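One structure is given here, and the rest of the page talks about it.
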Amino acid sequence: MMPQKTLKLDLRASPEELMRSVALLESFGRENQFDEKLTFGLMLALEECGANVIHHAYQDRPQERFCVRFEATDEQLTIEIRDTGSPFDPTAARLENPDIDPDDRAPGGWGIQLVRRYMDDIVYRRDGNENVLRMVKRVANSST
Amino acid sequence: MDIASRQDGSIRILKLTGRLDQASADNFHKALIPHLDDCSATGNPLLLDFSGVEYISSVGLRVMILAAKQVKVQNGKVAIANLTPIVAEVFQIGRFNLVFQVFQNYDDAVRFLNQ
């Protein structure tokens with residue numbers, strides 16, 4: 001039985017710092033023997049939603065900071081991201097239609113779509129002056 | 001992301017190695033542009049060998065869509081080969097087989113580009 005394990009990070013709002021946190025999450029997954037696909041999905045979710053914080057909530061101001069908390073239990077893996085930027089709800093983003101004619105595709109907008117495929121729950125709330133995004137992957141479903 | 005370029009007849013082959021993410025996508029796109037510029041009806045067909053790409057996120061997909069649009073405008077021919085299983089799944093989620101000719105191996109991609 002896996003004891004509860006937690007990873008907490010306080011980050012500058014820059015792409016480099018975000019990818020450093022993704023690498024730490026990857027190491028956490030390896031240390032806890034998560035399978036490759038599960039680890040990839042968690043890394044992707046952190047990158048995509050961290051990028052929203054940097055580019056949308058903070059409008060690319062790298063002096064700002066945000067927090068990431070990762071928690072692993074027997075039942076589920078949780079990523080929580082908190083920032084004090086402008087209100088931004090990634091779950092409200094329009095989903096791209098993957099079957100659209102290639103000529104009509106917008107280059108962006110695939111992030112939340114990918115996160116939805118790899119995580120089971122994505123819940124956003126505004127808590128005082130904070131954006132709080134909580135993403136959950138249930139371990140029992142990790143092989144699907 | 002590293003790009004190693006070589007020529008096989010008229011085909012320009014780019015062997016990509018690394019991760020296509022927030023930290024690397026912009027530089028990757030800049031490094032790719034000269035090769036995309038050469039990929040026209042009268043220029044070099046382009047083969048992107050993804051065997052060394054172990055991670056891709058939406059910024060990577062964005063670069064790939066921009067690349068496909070540029071090549072299409074120039075009437076060029078581009079193919080992708082050797083996706084790793086994880087990257088292949090991301091491509092599948094985004095239906096990138098509608099955007100690119102994707103091949104499981106190098107030889108099939110070369111055959112397509114030589115047609």
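Here, A, B, ... name the chains of the structure tokens in the order displayed, residue numbers run from 1 inside each chain, and ligands are numbered from 1 in the same displayed order.
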Give me, as a CSV table (one decimal) with N, CA and C atoms, in the first residue's frame, the residues of chain B that a backbone DSSP run labels helix (DSSP H, G or I).
chain,number,residue,atom,x,y,z
B,25,ALA,N,9.7,24.8,-27.6
B,25,ALA,CA,8.9,24.9,-28.9
B,25,ALA,C,9.3,26.1,-29.7
B,26,ASP,N,9.5,27.2,-29.1
B,26,ASP,CA,9.8,28.4,-29.9
B,26,ASP,C,11.1,28.3,-30.7
B,27,ASN,N,12.1,27.8,-30.0
B,27,ASN,CA,13.4,27.6,-30.6
B,27,ASN,C,13.4,26.5,-31.7
B,28,PHE,N,12.6,25.5,-31.4
B,28,PHE,CA,12.4,24.4,-32.4
B,28,PHE,C,11.8,25.0,-33.6
B,29,HIS,N,10.7,25.8,-33.5
B,29,HIS,CA,10.1,26.4,-34.7
B,29,HIS,C,11.0,27.2,-35.5
B,30,LYS,N,11.8,28.0,-34.8
B,30,LYS,CA,12.8,28.9,-35.5
B,30,LYS,C,13.8,28.0,-36.2
B,31,ALA,N,14.3,26.9,-35.6
B,31,ALA,CA,15.2,26.1,-36.3
B,31,ALA,C,14.6,25.3,-37.5
B,32,LEU,N,13.3,25.1,-37.4
B,32,LEU,CA,12.6,24.3,-38.4
B,32,LEU,C,12.3,25.2,-39.7
B,33,ILE,N,12.2,26.5,-39.5
B,33,ILE,CA,11.7,27.4,-40.5
B,33,ILE,C,12.6,27.3,-41.8
B,34,PRO,N,13.9,27.3,-41.7
B,34,PRO,CA,14.7,27.2,-43.0
B,34,PRO,C,14.4,26.0,-43.7
B,35,HIS,N,14.2,24.9,-43.0
B,35,HIS,CA,13.9,23.6,-43.7
B,35,HIS,C,12.5,23.7,-44.3
B,36,LEU,N,11.6,24.3,-43.6
B,36,LEU,CA,10.2,24.5,-44.2
B,36,LEU,C,10.2,25.3,-45.4
B,37,ASP,N,11.1,26.4,-45.3
B,37,ASP,CA,11.2,27.3,-46.5
B,37,ASP,C,11.7,26.5,-47.7
B,58,SER,N,0.8,20.7,-26.1
B,58,SER,CA,0.1,21.4,-27.1
B,58,SER,C,0.9,22.5,-27.8
B,59,VAL,N,1.9,23.0,-27.2
B,59,VAL,CA,2.8,24.0,-27.9
B,59,VAL,C,3.5,23.3,-29.1
B,60,GLY,N,3.9,22.0,-28.8
B,60,GLY,CA,4.5,21.2,-29.9
B,60,GLY,C,3.5,21.0,-31.1
B,61,LEU,N,2.3,20.7,-30.7
B,61,LEU,CA,1.2,20.5,-31.7
B,61,LEU,C,1.0,21.8,-32.5
B,62,ARG,N,1.1,22.9,-31.8
B,62,ARG,CA,0.9,24.2,-32.5
B,62,ARG,C,2.0,24.4,-33.5
B,63,VAL,N,3.3,24.1,-33.2
B,63,VAL,CA,4.4,24.3,-34.1
B,63,VAL,C,4.1,23.3,-35.3
B,64,MET,N,3.6,22.1,-35.1
B,64,MET,CA,3.4,21.2,-36.2
B,64,MET,C,2.3,21.7,-37.1
B,65,ILE,N,1.2,22.2,-36.5
B,65,ILE,CA,0.2,22.8,-37.4
B,65,ILE,C,0.7,23.9,-38.2
B,66,LEU,N,1.4,24.8,-37.6
B,66,LEU,CA,2.0,26.0,-38.4
B,66,LEU,C,2.9,25.4,-39.5
B,67,ALA,N,3.7,24.4,-39.2
B,67,ALA,CA,4.6,23.8,-40.2
B,67,ALA,C,3.8,23.2,-41.4
B,68,ALA,N,2.7,22.5,-41.1
B,68,ALA,CA,1.9,21.9,-42.1
B,68,ALA,C,1.2,23.0,-43.0
B,69,LYS,N,0.8,24.1,-42.4
B,69,LYS,CA,0.1,25.1,-43.1
B,69,LYS,C,1.2,25.8,-44.1
B,70,GLN,N,2.4,26.1,-43.6
B,70,GLN,CA,3.4,26.7,-44.4
B,70,GLN,C,3.7,25.8,-45.6
B,71,VAL,N,3.9,24.5,-45.4
B,71,VAL,CA,4.3,23.6,-46.5
B,71,VAL,C,3.2,23.5,-47.5
B,72,LYS,N,2.0,23.5,-47.0
B,72,LYS,CA,0.8,23.4,-47.9
B,72,LYS,C,0.7,24.6,-48.9
B,73,VAL,N,0.9,25.8,-48.3
B,73,VAL,CA,0.9,27.0,-49.1
B,73,VAL,C,2.0,27.0,-50.2
B,85,PRO,N,5.3,5.6,-28.9
B,85,PRO,CA,3.9,5.3,-28.6
B,85,PRO,C,3.2,6.5,-27.9
B,86,ILE,N,3.9,7.2,-27.0
B,86,ILE,CA,3.3,8.3,-26.3
B,86,ILE,C,3.0,9.4,-27.2
B,87,VAL,N,3.9,9.8,-28.1
B,87,VAL,CA,3.7,10.9,-29.0
B,87,VAL,C,2.6,10.5,-30.0
B,88,ALA,N,2.6,9.2,-30.4
B,88,ALA,CA,1.6,8.7,-31.4
B,88,ALA,C,0.2,8.9,-30.8
B,89,GLU,N,0.1,8.6,-29.5
B,89,GLU,CA,-1.3,8.8,-28.8
B,89,GLU,C,-1.7,10.2,-28.8
B,90,VAL,N,-0.8,11.2,-28.6
B,90,VAL,CA,-1.2,12.6,-28.6
B,90,VAL,C,-1.6,13.0,-30.0
B,91,PHE,N,-0.8,12.5,-31.0
B,91,PHE,CA,-1.2,12.8,-32.4
B,91,PHE,C,-2.6,12.2,-32.7
B,92,GLN,N,-2.9,11.0,-32.2
B,92,GLN,CA,-4.2,10.4,-32.4
B,92,GLN,C,-5.3,11.2,-31.8
B,93,ILE,N,-5.1,11.7,-30.6
B,93,ILE,CA,-6.1,12.5,-29.9
B,93,ILE,C,-6.4,13.7,-30.8
B,96,PHE,N,-4.0,14.0,-35.9
B,96,PHE,CA,-3.0,14.6,-36.8
B,96,PHE,C,-2.7,13.8,-38.0
B,97,ASN,N,-3.4,12.7,-38.1
B,97,ASN,CA,-3.3,11.9,-39.4
B,97,ASN,C,-4.1,12.7,-40.5
B,98,LEU,N,-4.9,13.6,-40.1
B,98,LEU,CA,-5.6,14.4,-41.0
B,98,LEU,C,-4.8,15.6,-41.5
B,106,TYR,N,10.4,4.5,-41.5
B,106,TYR,CA,11.2,5.4,-42.4
B,106,TYR,C,11.0,5.1,-43.8
B,107,ASP,N,11.1,3.8,-44.2
B,107,ASP,CA,11.0,3.4,-45.6
B,107,ASP,C,9.7,3.7,-46.3
B,108,ASP,N,8.6,3.5,-45.5
B,108,ASP,CA,7.3,3.9,-46.1
B,108,ASP,C,7.2,5.4,-46.3
B,109,ALA,N,7.8,6.2,-45.4
B,109,ALA,CA,7.7,7.6,-45.6
B,109,ALA,C,8.5,8.0,-46.8
B,110,VAL,N,9.7,7.4,-47.0
B,110,VAL,CA,10.6,7.8,-48.1
B,110,VAL,C,9.9,7.4,-49.4
B,111,ARG,N,9.2,6.2,-49.4
B,111,ARG,CA,8.5,5.8,-50.6
B,111,ARG,C,7.4,6.8,-51.0
B,112,PHE,N,6.7,7.3,-50.0
B,112,PHE,CA,5.6,8.3,-50.2
B,112,PHE,C,6.2,9.6,-50.7
B,113,LEU,N,7.3,10.0,-50.2
B,113,LEU,CA,7.9,11.3,-50.6
B,113,LEU,C,8.5,11.2,-52.0
B,114,ASN,N,8.9,10.0,-52.4
B,114,ASN,CA,9.5,9.9,-53.7
B,114,ASN,C,8.5,9.7,-54.8
- request: Excluding Cys49 of chain A and residues on its chain fewer than 2 positions from it, collect all residues at most 10 Å away from it, counting only C-alpha atoms, and give them as a count of residues only.
  value: 18
Can I get the residues of chain A within 10 Å of chain B, each with the closest pair of atoms and their distance in Å to one decimal, using only C-alpha atoms, sorted chain first then ascending number, as JSON lines?
{"residue": "A:Ser14", "atom": "CA", "partner": "B:Ala23", "partner_atom": "CA", "distance": 9.1}
{"residue": "A:Pro15", "atom": "CA", "partner": "B:Ala23", "partner_atom": "CA", "distance": 5.5}
{"residue": "A:Glu16", "atom": "CA", "partner": "B:Ala23", "partner_atom": "CA", "distance": 5.6}
{"residue": "A:Glu17", "atom": "CA", "partner": "B:Ala23", "partner_atom": "CA", "distance": 8.9}
{"residue": "A:Leu18", "atom": "CA", "partner": "B:Gln22", "partner_atom": "CA", "distance": 8.1}
{"residue": "A:Met19", "atom": "CA", "partner": "B:Ala23", "partner_atom": "CA", "distance": 6.6}
{"residue": "A:Arg20", "atom": "CA", "partner": "B:Ala23", "partner_atom": "CA", "distance": 9.5}
{"residue": "A:Glu36", "atom": "CA", "partner": "B:Ile86", "partner_atom": "CA", "distance": 8.6}
{"residue": "A:Lys37", "atom": "CA", "partner": "B:Ile86", "partner_atom": "CA", "distance": 7.0}
{"residue": "A:Phe40", "atom": "CA", "partner": "B:Ile86", "partner_atom": "CA", "distance": 7.8}
{"residue": "A:Gly41", "atom": "CA", "partner": "B:Ile86", "partner_atom": "CA", "distance": 9.5}
{"residue": "A:Met43", "atom": "CA", "partner": "B:Ser57", "partner_atom": "CA", "distance": 9.4}
{"residue": "A:Leu44", "atom": "CA", "partner": "B:Ser57", "partner_atom": "CA", "distance": 6.3}
{"residue": "A:Ala45", "atom": "CA", "partner": "B:Ser57", "partner_atom": "CA", "distance": 9.2}
{"residue": "A:Glu47", "atom": "CA", "partner": "B:Gln22", "partner_atom": "CA", "distance": 7.5}
{"residue": "A:Glu48", "atom": "CA", "partner": "B:Ser58", "partner_atom": "CA", "distance": 7.3}
{"residue": "A:Gly50", "atom": "CA", "partner": "B:Gln22", "partner_atom": "CA", "distance": 9.8}
{"residue": "A:Ala51", "atom": "CA", "partner": "B:Gln22", "partner_atom": "CA", "distance": 7.5}
{"residue": "A:Glu96", "atom": "CA", "partner": "B:Gly94", "partner_atom": "CA", "distance": 8.7}
{"residue": "A:Asn97", "atom": "CA", "partner": "B:Gly94", "partner_atom": "CA", "distance": 8.5}
{"residue": "A:Pro98", "atom": "CA", "partner": "B:Gly94", "partner_atom": "CA", "distance": 5.3}
{"residue": "A:Asp99", "atom": "CA", "partner": "B:Arg95", "partner_atom": "CA", "distance": 6.6}
{"residue": "A:Ile100", "atom": "CA", "partner": "B:Leu98", "partner_atom": "CA", "distance": 8.6}
{"residue": "A:Asp101", "atom": "CA", "partner": "B:Leu98", "partner_atom": "CA", "distance": 7.7}
{"residue": "A:Pro102", "atom": "CA", "partner": "B:Val99", "partner_atom": "CA", "distance": 5.4}
{"residue": "A:Asp103", "atom": "CA", "partner": "B:Lys69", "partner_atom": "CA", "distance": 7.2}
{"residue": "A:Asp104", "atom": "CA", "partner": "B:Lys69", "partner_atom": "CA", "distance": 9.9}
{"residue": "A:Arg105", "atom": "CA", "partner": "B:Ile65", "partner_atom": "CA", "distance": 7.9}
{"residue": "A:Ala106", "atom": "CA", "partner": "B:Ile65", "partner_atom": "CA", "distance": 8.1}
{"residue": "A:Pro107", "atom": "CA", "partner": "B:Arg62", "partner_atom": "CA", "distance": 4.7}
{"residue": "A:Gly108", "atom": "CA", "partner": "B:Arg62", "partner_atom": "CA", "distance": 5.4}
{"residue": "A:Gly109", "atom": "CA", "partner": "B:Ser58", "partner_atom": "CA", "distance": 7.6}
{"residue": "A:Trp110", "atom": "CA", "partner": "B:Ser58", "partner_atom": "CA", "distance": 5.4}
{"residue": "A:Gly111", "atom": "CA", "partner": "B:Ser58", "partner_atom": "CA", "distance": 5.0}
{"residue": "A:Ile112", "atom": "CA", "partner": "B:Ser58", "partner_atom": "CA", "distance": 8.7}
{"residue": "A:Gln113", "atom": "CA", "partner": "B:Ile93", "partner_atom": "CA", "distance": 8.4}
{"residue": "A:Leu114", "atom": "CA", "partner": "B:Ile93", "partner_atom": "CA", "distance": 7.4}
{"residue": "A:Val115", "atom": "CA", "partner": "B:Ser58", "partner_atom": "CA", "distance": 9.8}
{"residue": "A:Arg117", "atom": "CA", "partner": "B:Ile93", "partner_atom": "CA", "distance": 8.1}
field: Between atom CA of Arg94 of chain A and atom CA of Tyr58 of chain A, distance in Å (one decimal)
entry: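 Interatomic distance here is 20.3 Å.
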task: From segment 48-98 of chain B, collect each residue whose DSSP state is strand (DSSP E) and return the set as an MDAnalysis selection string.
output: chainID B and resid 48:56 78:81
Selection above as a file: all heavy atoms, as a tab-separated table (two decimals), in the first residue's frame:
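Ended up saving to again-v6.tsv:
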chain	number	residue	atom	x	y	z
B	48	LEU	N	10.21	14.18	-41.32
B	48	LEU	CA	10.48	14.44	-39.91
B	48	LEU	C	10.50	13.12	-39.17
B	48	LEU	O	9.47	12.45	-39.03
B	48	LEU	CB	9.40	15.36	-39.33
B	48	LEU	CG	9.24	16.72	-40.03
B	48	LEU	CD1	8.05	17.49	-39.46
B	48	LEU	CD2	10.51	17.55	-39.90
B	49	ASP	N	11.70	12.74	-38.73
B	49	ASP	CA	11.88	11.47	-38.00
B	49	ASP	C	11.72	11.74	-36.51
B	49	ASP	O	12.57	12.35	-35.88
B	49	ASP	CB	13.27	10.91	-38.32
B	49	ASP	CG	13.54	9.60	-37.58
B	49	ASP	OD1	12.74	9.22	-36.69
B	49	ASP	OD2	14.55	8.96	-37.89
B	50	PHE	N	10.59	11.26	-35.97
B	50	PHE	CA	10.23	11.53	-34.57
B	50	PHE	C	10.72	10.45	-33.60
B	50	PHE	O	10.30	10.45	-32.44
B	50	PHE	CB	8.70	11.65	-34.44
B	50	PHE	CG	8.18	13.06	-34.50
B	50	PHE	CD1	8.25	13.80	-35.67
B	50	PHE	CD2	7.60	13.66	-33.39
B	50	PHE	CE1	7.76	15.11	-35.73
B	50	PHE	CE2	7.10	14.96	-33.43
B	50	PHE	CZ	7.19	15.68	-34.60
B	51	SER	N	11.58	9.55	-34.05
B	51	SER	CA	11.94	8.42	-33.18
B	51	SER	C	12.60	8.86	-31.87
B	51	SER	O	12.56	8.14	-30.88
B	51	SER	CB	12.84	7.43	-33.92
B	51	SER	OG	14.00	8.08	-34.38
B	52	GLY	N	13.20	10.05	-31.87
B	52	GLY	CA	13.87	10.53	-30.66
B	52	GLY	C	13.04	11.51	-29.85
B	52	GLY	O	13.55	12.10	-28.89
B	53	VAL	N	11.78	11.70	-30.24
B	53	VAL	CA	10.93	12.65	-29.51
B	53	VAL	C	10.12	11.90	-28.45
B	53	VAL	O	9.26	11.09	-28.77
B	53	VAL	CB	9.98	13.41	-30.47
B	53	VAL	CG1	9.10	14.39	-29.69
B	53	VAL	CG2	10.79	14.15	-31.53
B	54	GLU	N	10.42	12.15	-27.20
B	54	GLU	CA	9.84	11.36	-26.12
B	54	GLU	C	8.66	12.05	-25.44
B	54	GLU	O	7.97	11.44	-24.60
B	54	GLU	CB	10.91	11.06	-25.07
B	54	GLU	CG	11.47	12.32	-24.44
B	54	GLU	CD	12.85	12.12	-23.83
B	54	GLU	OE1	13.68	11.43	-24.45
B	54	GLU	OE2	13.09	12.67	-22.75
B	55	TYR	N	8.41	13.32	-25.80
B	55	TYR	CA	7.36	14.09	-25.11
B	55	TYR	C	6.89	15.20	-26.03
B	55	TYR	O	7.71	15.86	-26.69
B	55	TYR	CB	7.96	14.69	-23.84
B	55	TYR	CG	7.02	15.52	-22.98
B	55	TYR	CD1	6.40	15.00	-21.86
B	55	TYR	CD2	6.78	16.86	-23.30
B	55	TYR	CE1	5.55	15.77	-21.07
B	55	TYR	CE2	5.92	17.64	-22.51
B	55	TYR	CZ	5.32	17.09	-21.40
B	55	TYR	OH	4.49	17.85	-20.62
B	56	ILE	N	5.58	15.41	-26.10
B	56	ILE	CA	5.05	16.54	-26.86
B	56	ILE	C	3.81	17.07	-26.12
B	56	ILE	O	3.03	16.30	-25.57
B	56	ILE	CB	4.71	16.14	-28.32
B	56	ILE	CG1	4.39	17.37	-29.17
B	56	ILE	CG2	3.55	15.14	-28.38
B	56	ILE	CD1	4.35	17.08	-30.68
B	78	VAL	N	5.48	16.82	-47.13
B	78	VAL	CA	6.11	16.52	-45.84
B	78	VAL	C	5.51	15.23	-45.28
B	78	VAL	O	4.34	14.93	-45.50
B	78	VAL	CB	5.93	17.71	-44.86
B	78	VAL	CG1	4.48	17.99	-44.56
B	78	VAL	CG2	6.71	17.49	-43.56
B	79	ALA	N	6.34	14.46	-44.59
B	79	ALA	CA	5.87	13.23	-43.94
B	79	ALA	C	6.52	13.12	-42.57
B	79	ALA	O	7.59	13.67	-42.32
B	79	ALA	CB	6.21	12.01	-44.78
B	80	ILE	N	5.83	12.38	-41.71
B	80	ILE	CA	6.34	12.11	-40.36
B	80	ILE	C	6.50	10.60	-40.20
B	80	ILE	O	5.65	9.83	-40.67
B	80	ILE	CB	5.36	12.66	-39.30
B	80	ILE	CG1	5.41	14.19	-39.30
B	80	ILE	CG2	5.67	12.11	-37.91
B	80	ILE	CD1	4.43	14.84	-38.36
B	81	ALA	N	7.60	10.19	-39.58
B	81	ALA	CA	7.82	8.75	-39.39
B	81	ALA	C	8.30	8.48	-37.97
B	81	ALA	O	8.87	9.34	-37.30
B	81	ALA	CB	8.84	8.24	-40.39
- request: For atom CA of Lys5 of chain A and atom CA of Arg30 of chain A, determine how far apart the two atoms are, in Å to one decimal place.
  value: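 Taking atom CA of Lys5 of chain A as the start and atom CA of Arg30 of chain A as the end point, the length is 13.3 Å.
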